[in-house]
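S.K.: Provided herewith is a single structure, encoded as C-alpha coordinates, for subsequent inquiry.
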Amino acid sequence: MKLGILPAAAAFALSFSGIAVKAEDARILVFGDSNAWGWVPVPELVPTTRYPVDVRWPSVMQTILGDGFVVINDSLSGRTAATSDENVGLGGAGPNGLEYLPAALGSHMPLDLVVIALGTNDVKDPYGLSAEDISDDIMSLVAEVERSTGVFTSYPPAKVLVVAPPPLGAIPDVDWLQATFSETSIETSIELGGVLCDLAESKATPCFDAASVVTIDGIDGLHMSASNHRLLGEAVAAKVLEVLQ
(Lines give C-alpha, C1' and ligand atoms only; values in the text may rest on other atoms or scores of the structure.)
Protein backbone atom coordinates (compact mmCIF):
# COMPACT_ATOMS: atom_id res chain seq x y z
CA MET A 1 0.00 0.00 0.00
CA LYS A 2 1.52 3.30 -1.10
CA LEU A 3 1.30 6.28 1.22
CA GLY A 4 0.00 9.66 0.17
CA ILE A 5 -2.52 12.31 1.13
CA LEU A 6 -5.94 11.24 2.43
CA PRO A 7 -8.53 11.79 -0.34
CA ALA A 8 -10.40 15.06 0.11
CA ALA A 9 -13.84 13.41 0.22
CA ALA A 10 -12.81 11.10 3.04
CA ALA A 11 -11.08 13.89 4.94
CA PHE A 12 -14.17 16.10 4.69
CA ALA A 13 -16.67 13.37 5.59
CA LEU A 14 -14.67 12.15 8.56
CA SER A 15 -13.06 15.34 9.83
CA PHE A 16 -15.21 15.16 12.95
CA SER A 17 -13.42 12.01 14.04
CA GLY A 18 -9.99 13.58 14.40
CA ILE A 19 -8.49 10.57 12.59
CA ALA A 20 -5.34 11.40 10.65
CA VAL A 21 -4.76 8.76 7.99
CA LYS A 22 -2.66 8.88 4.87
CA ALA A 23 -3.41 6.10 2.43
CA GLU A 24 -3.36 5.46 -1.27
CA ASP A 25 -4.45 2.42 -3.28
CA ALA A 26 -5.65 0.58 -0.18
CA ARG A 27 -7.56 -2.55 -1.22
CA ILE A 28 -10.44 -3.56 1.06
CA LEU A 29 -12.44 -6.78 0.71
CA VAL A 30 -15.93 -6.90 2.24
CA PHE A 31 -16.79 -10.54 2.93
CA GLY A 32 -20.46 -10.45 3.81
CA ASP A 33 -23.94 -11.87 3.45
CA SER A 34 -27.19 -10.60 1.92
CA ASN A 35 -27.15 -7.28 3.77
CA ALA A 36 -23.80 -6.38 2.20
CA TRP A 37 -24.99 -7.91 -1.09
CA GLY A 38 -27.90 -5.46 -1.10
CA TRP A 39 -31.04 -7.54 -0.49
CA VAL A 40 -34.24 -5.50 -0.81
CA PRO A 41 -36.66 -6.45 2.00
CA VAL A 42 -40.00 -7.90 0.82
CA PRO A 43 -42.88 -9.17 3.00
CA GLU A 44 -42.29 -12.92 2.60
CA LEU A 45 -38.49 -12.62 2.18
CA VAL A 46 -38.40 -14.10 -1.33
CA PRO A 47 -38.25 -13.47 -4.22
CA THR A 48 -36.31 -10.24 -4.00
CA THR A 49 -34.13 -7.88 -6.01
CA ARG A 50 -30.94 -6.02 -5.21
CA TYR A 51 -30.53 -2.40 -4.19
CA PRO A 52 -28.72 -0.29 -6.82
CA VAL A 53 -24.97 -0.52 -6.41
CA ASP A 54 -24.62 2.98 -4.97
CA VAL A 55 -27.12 2.19 -2.19
CA ARG A 56 -25.33 -0.88 -0.78
CA TRP A 57 -23.30 -0.08 2.31
CA PRO A 58 -19.93 -1.28 0.91
CA SER A 59 -20.45 1.13 -2.01
CA VAL A 60 -21.38 3.93 0.39
CA MET A 61 -18.12 3.21 2.17
CA GLN A 62 -16.25 3.39 -1.16
CA THR A 63 -17.79 6.78 -1.94
CA ILE A 64 -16.81 8.21 1.43
CA LEU A 65 -13.27 6.83 1.34
CA GLY A 66 -12.85 8.17 -2.20
CA ASP A 67 -9.84 7.98 -4.48
CA GLY A 68 -6.95 5.88 -3.25
CA PHE A 69 -9.24 3.15 -1.84
CA VAL A 70 -10.68 0.18 -3.68
CA VAL A 71 -13.60 -1.60 -2.00
CA ILE A 72 -14.34 -5.09 -3.31
CA ASN A 73 -17.76 -6.43 -2.31
CA ASP A 74 -17.62 -10.25 -2.23
CA SER A 75 -20.93 -10.92 -0.50
CA LEU A 76 -23.42 -13.75 -0.87
CA SER A 77 -27.01 -14.16 0.26
CA GLY A 78 -27.31 -16.97 2.79
CA ARG A 79 -23.61 -16.96 3.64
CA THR A 80 -22.66 -18.29 7.07
CA ALA A 81 -19.35 -18.14 8.87
CA ALA A 82 -18.66 -21.87 8.76
CA THR A 83 -21.93 -23.82 8.46
CA SER A 84 -22.82 -25.82 5.35
CA ASP A 85 -26.43 -25.85 4.18
CA GLU A 86 -27.50 -27.64 1.01
CA ASN A 87 -30.96 -26.04 1.30
CA VAL A 88 -29.50 -22.73 0.15
CA GLY A 89 -29.33 -24.24 -3.32
CA LEU A 90 -25.69 -23.59 -4.22
CA GLY A 91 -23.04 -26.03 -5.36
CA GLY A 92 -19.36 -25.89 -4.51
CA ALA A 93 -18.61 -24.33 -1.16
CA GLY A 94 -22.24 -23.20 -0.93
CA PRO A 95 -22.90 -20.63 1.79
CA ASN A 96 -20.05 -21.86 4.01
CA GLY A 97 -17.81 -18.82 4.35
CA LEU A 98 -14.85 -20.70 5.79
CA GLU A 99 -14.76 -23.06 2.82
CA TYR A 100 -14.97 -20.24 0.28
CA LEU A 101 -12.80 -17.59 1.94
CA PRO A 102 -9.34 -18.94 0.93
CA ALA A 103 -10.29 -18.75 -2.75
CA ALA A 104 -11.74 -15.26 -2.30
CA LEU A 105 -8.55 -14.04 -0.65
CA GLY A 106 -6.40 -15.53 -3.39
CA SER A 107 -8.63 -14.00 -6.08
CA HIS A 108 -8.45 -10.46 -4.74
CA MET A 109 -4.85 -10.23 -3.51
CA PRO A 110 -3.14 -7.94 -2.70
CA LEU A 111 -5.39 -6.86 0.17
CA ASP A 112 -4.81 -4.33 2.90
CA LEU A 113 -7.96 -5.08 4.89
CA VAL A 114 -10.71 -7.70 4.99
CA VAL A 115 -14.03 -6.64 6.53
CA ILE A 116 -15.90 -9.72 7.76
CA ALA A 117 -19.61 -8.92 8.08
CA LEU A 118 -21.39 -12.18 8.88
CA GLY A 119 -23.52 -13.74 11.61
CA THR A 120 -27.16 -13.10 10.70
CA ASN A 121 -27.66 -16.38 8.84
CA ASP A 122 -25.80 -18.30 11.54
CA VAL A 123 -28.59 -17.70 14.07
CA LYS A 124 -31.05 -19.84 12.08
CA ASP A 125 -32.86 -22.17 14.45
CA PRO A 126 -32.03 -25.39 12.56
CA TYR A 127 -28.30 -24.73 13.01
CA GLY A 128 -28.60 -24.70 16.80
CA LEU A 129 -25.64 -22.35 17.27
CA SER A 130 -25.15 -20.12 20.29
CA ALA A 131 -23.69 -16.62 20.14
CA GLU A 132 -20.43 -18.13 21.42
CA ASP A 133 -20.44 -20.78 18.67
CA ILE A 134 -21.01 -18.19 15.96
CA SER A 135 -18.32 -15.92 17.37
CA ASP A 136 -15.83 -18.80 17.37
CA ASP A 137 -16.70 -19.54 13.73
CA ILE A 138 -16.19 -15.91 12.74
CA MET A 139 -12.83 -15.86 14.48
CA SER A 140 -11.90 -18.92 12.40
CA LEU A 141 -12.38 -16.68 9.37
CA VAL A 142 -10.14 -14.07 10.97
CA ALA A 143 -7.44 -16.69 11.47
CA GLU A 144 -7.70 -17.68 7.80
CA VAL A 145 -7.15 -14.08 6.70
CA GLU A 146 -4.22 -13.66 9.07
CA ARG A 147 -2.34 -16.60 7.55
CA SER A 148 -3.23 -16.08 3.88
CA THR A 149 -0.52 -14.90 1.50
CA GLY A 150 -2.37 -15.76 -1.70
CA VAL A 151 -1.69 -18.42 -4.31
CA PHE A 152 2.07 -18.70 -4.99
CA THR A 153 2.47 -15.02 -4.06
CA SER A 154 4.41 -13.23 -1.36
CA TYR A 155 1.82 -10.67 -0.32
CA PRO A 156 1.55 -10.09 3.43
CA PRO A 157 -1.69 -11.12 5.13
CA ALA A 158 -4.33 -8.42 5.30
CA LYS A 159 -5.56 -6.74 8.44
CA VAL A 160 -9.06 -7.70 9.59
CA LEU A 161 -12.07 -5.75 10.78
CA VAL A 162 -15.04 -7.70 12.14
CA VAL A 163 -18.48 -6.12 11.80
CA ALA A 164 -21.05 -7.67 14.15
CA PRO A 165 -24.56 -7.63 12.65
CA PRO A 166 -27.48 -5.86 14.29
CA PRO A 167 -30.15 -8.06 15.93
CA LEU A 168 -33.02 -9.44 13.89
CA GLY A 169 -36.19 -7.40 13.61
CA ALA A 170 -39.76 -8.66 13.72
CA ILE A 171 -40.03 -11.85 11.68
CA PRO A 172 -43.16 -11.97 9.46
CA ASP A 173 -45.94 -14.39 10.34
CA VAL A 174 -44.92 -16.89 7.66
CA ASP A 175 -44.65 -20.50 8.86
CA TRP A 176 -41.31 -21.39 7.26
CA LEU A 177 -39.75 -18.09 8.29
CA GLN A 178 -40.92 -18.47 11.88
CA ALA A 179 -39.47 -21.99 11.95
CA THR A 180 -36.14 -20.77 10.54
CA PHE A 181 -35.76 -17.63 12.65
CA SER A 182 -37.48 -18.49 15.93
CA GLU A 183 -37.57 -16.55 19.18
CA THR A 184 -34.36 -18.36 20.09
CA SER A 185 -32.78 -17.01 16.91
CA ILE A 186 -33.80 -13.49 17.82
CA GLU A 187 -32.36 -13.87 21.33
CA THR A 188 -29.09 -15.20 19.90
CA SER A 189 -28.91 -12.28 17.46
CA ILE A 190 -29.32 -9.85 20.36
CA GLU A 191 -26.45 -11.47 22.26
CA LEU A 192 -24.15 -11.83 19.27
CA GLY A 193 -22.76 -8.31 18.94
CA GLY A 194 -21.45 -8.13 22.48
CA VAL A 195 -20.11 -11.67 22.55
CA LEU A 196 -18.41 -11.36 19.16
CA CYS A 197 -16.77 -8.00 19.80
CA ASP A 198 -15.58 -9.09 23.25
CA LEU A 199 -13.97 -12.19 21.73
CA ALA A 200 -12.46 -10.31 18.79
CA GLU A 201 -10.99 -7.60 20.95
CA SER A 202 -9.54 -10.19 23.34
CA LYS A 203 -7.56 -11.40 20.32
CA ALA A 204 -6.55 -7.87 19.27
CA THR A 205 -8.93 -7.91 16.29
CA PRO A 206 -10.83 -4.65 15.71
CA CYS A 207 -14.60 -5.09 15.91
CA PHE A 208 -17.46 -2.74 15.11
CA ASP A 209 -20.96 -3.50 16.43
CA ALA A 210 -23.37 -2.42 13.68
CA ALA A 211 -26.17 -2.21 16.26
CA SER A 212 -24.53 0.99 17.52
CA VAL A 213 -25.69 2.81 14.36
CA VAL A 214 -28.37 0.73 12.57
CA THR A 215 -31.28 -1.65 13.10
CA ILE A 216 -32.79 -4.37 10.94
CA ASP A 217 -35.74 -2.27 9.84
CA GLY A 218 -36.82 -4.07 6.66
CA ILE A 219 -40.30 -5.56 6.44
CA ASP A 220 -38.82 -9.09 6.36
CA GLY A 221 -37.09 -8.74 9.74
CA LEU A 222 -33.72 -9.69 8.26
CA HIS A 223 -32.58 -6.88 6.01
CA MET A 224 -31.88 -3.17 6.15
CA SER A 225 -33.57 -0.22 4.52
CA ALA A 226 -31.65 2.01 2.14
CA SER A 227 -31.27 4.66 4.84
CA ASN A 228 -29.58 2.19 7.17
CA HIS A 229 -27.25 1.07 4.38
CA ARG A 230 -26.15 4.70 4.22
CA LEU A 231 -25.59 4.93 7.98
CA LEU A 232 -23.65 1.67 8.13
CA GLY A 233 -21.46 2.56 5.16
CA GLU A 234 -20.54 5.88 6.77
CA ALA A 235 -19.76 4.27 10.13
CA VAL A 236 -17.68 1.42 8.73
CA ALA A 237 -15.72 3.89 6.57
CA ALA A 238 -14.70 5.74 9.72
CA LYS A 239 -13.68 2.48 11.39
CA VAL A 240 -11.70 1.41 8.31
CA LEU A 241 -9.64 4.60 8.45
CA GLU A 242 -8.99 3.97 12.13
CA VAL A 243 -7.78 0.43 11.43
CA LEU A 244 -5.57 1.42 8.48
CA GLN A 245 -3.95 4.48 10.07
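Ordering of the C-alpha coordinates sets the chain letters (A, B, ...); residue numbers start at 1 within each chain; ligands are numbered from 1 in the order shown.
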Set the distance at 7 Å and use only C-alpha atoms: which residues neighbour region 106-120 of chain A once local chain neighbours fewer than 4 positions away are removed? I'd like the list as number ranges by chain.
M.R.: A: 26-33, 80-81, 102, 134, 150-151, 155, 158-165
S.K.: Could you tell me, as JSON, numbers by chain, which residues of region 4-204 of chain A DSSP assigns to alpha helix (DSSP H) when given the backbone?
M.R.: {"A": [8, 9, 10, 11, 12, 13, 34, 35, 36, 37, 57, 58, 59, 60, 61, 62, 63, 64, 65, 97, 98, 99, 100, 101, 102, 103, 104, 105, 106, 107, 108, 131, 132, 133, 134, 135, 136, 137, 138, 139, 140, 141, 142, 143, 144, 145, 146, 147, 175, 176, 177, 178, 179, 180, 183, 184, 185, 186, 187, 188, 189, 190, 191, 192, 193, 194, 195, 196, 197, 198, 199, 200, 201, 202]}
S.K.: Would you list the contacts of Arg147 (chain A) as a tab-separated table (two decimals) with C-alpha atoms, in the first residue's frame, taking every protein, DNA or RNA residue within 8 Å and counting only C-alpha atoms, but skipping same-chain residues closer than 3 positions in sequence?
M.R.:
chain	number	residue	atom	x	y	z
A	143	ALA	CA	-7.44	-16.69	11.47
A	144	GLU	CA	-7.70	-17.68	7.80
A	157	PRO	CA	-1.69	-11.12	5.13
S.K.: Which value, in Å to one decimal, gives the distance between CA of Pro58 (chain A) and CA of Val71 (chain A)?
M.R.: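 Computed distance, CA of Pro58 (chain A) to CA of Val71 (chain A), equals 7.0 Å.
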S.K.: Can you build me a table of region 46-154 of chain A residues sitting at most 10 Å from region 180-196 of chain A, with the closest atom pair per residue and its distance in Å to one decimal, using only C-alpha atoms, sorted by chain and residue number, as JSON lines?
M.R.:
{"residue": "A:Gly119", "atom": "CA", "partner": "A:Leu192", "partner_atom": "CA", "distance": 7.9}
{"residue": "A:Thr120", "atom": "CA", "partner": "A:Ser189", "partner_atom": "CA", "distance": 7.0}
{"residue": "A:Asn121", "atom": "CA", "partner": "A:Phe181", "partner_atom": "CA", "distance": 9.0}
{"residue": "A:Asp122", "atom": "CA", "partner": "A:Ser185", "partner_atom": "CA", "distance": 8.9}
{"residue": "A:Val123", "atom": "CA", "partner": "A:Ser185", "partner_atom": "CA", "distance": 5.1}
{"residue": "A:Lys124", "atom": "CA", "partner": "A:Phe181", "partner_atom": "CA", "distance": 5.2}
{"residue": "A:Asp125", "atom": "CA", "partner": "A:Thr180", "partner_atom": "CA", "distance": 5.3}
{"residue": "A:Pro126", "atom": "CA", "partner": "A:Thr180", "partner_atom": "CA", "distance": 6.5}
{"residue": "A:Tyr127", "atom": "CA", "partner": "A:Thr180", "partner_atom": "CA", "distance": 9.1}
{"residue": "A:Gly128", "atom": "CA", "partner": "A:Ser185", "partner_atom": "CA", "distance": 8.8}
{"residue": "A:Leu129", "atom": "CA", "partner": "A:Thr188", "partner_atom": "CA", "distance": 8.4}
{"residue": "A:Ser130", "atom": "CA", "partner": "A:Thr188", "partner_atom": "CA", "distance": 6.3}
{"residue": "A:Ala131", "atom": "CA", "partner": "A:Leu192", "partner_atom": "CA", "distance": 4.9}
{"residue": "A:Glu132", "atom": "CA", "partner": "A:Val195", "partner_atom": "CA", "distance": 6.6}
{"residue": "A:Asp133", "atom": "CA", "partner": "A:Leu196", "partner_atom": "CA", "distance": 9.6}
{"residue": "A:Ile134", "atom": "CA", "partner": "A:Leu192", "partner_atom": "CA", "distance": 7.8}
{"residue": "A:Ser135", "atom": "CA", "partner": "A:Leu196", "partner_atom": "CA", "distance": 4.9}
{"residue": "A:Asp136", "atom": "CA", "partner": "A:Leu196", "partner_atom": "CA", "distance": 8.1}
{"residue": "A:Asp137", "atom": "CA", "partner": "A:Leu196", "partner_atom": "CA", "distance": 10.0}
{"residue": "A:Ile138", "atom": "CA", "partner": "A:Leu196", "partner_atom": "CA", "distance": 8.2}
{"residue": "A:Met139", "atom": "CA", "partner": "A:Leu196", "partner_atom": "CA", "distance": 8.6}
S.K.: Could you check how far CA of His223 (chain A) sits from CA of Leu199 (chain A), in Å to one decimal?
M.R.: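 Atom-to-atom, CA of His223 (chain A) and CA of Leu199 (chain A) are spaced 24.9 Å apart.
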S.K.: Find, counting only C-alpha atoms, the residue in A:Glu86, A:Glu201, A:Glu99, A:Asp217 that gets nearest to Leu141 (chain A).
M.R.: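 Of A:Glu86, A:Glu201, A:Glu99, A:Asp217, the one nearest Leu141 (chain A), counting only C-alpha atoms, is A:Glu99.
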S.K.: Which one of A:Val142, A:Val55, A:Cys197, A:Leu241 sits closest to Ala226 (chain A) if you count only C-alpha atoms?
M.R.: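 The shortest atom-to-atom distance to Ala226 (chain A) comes from A:Val55.
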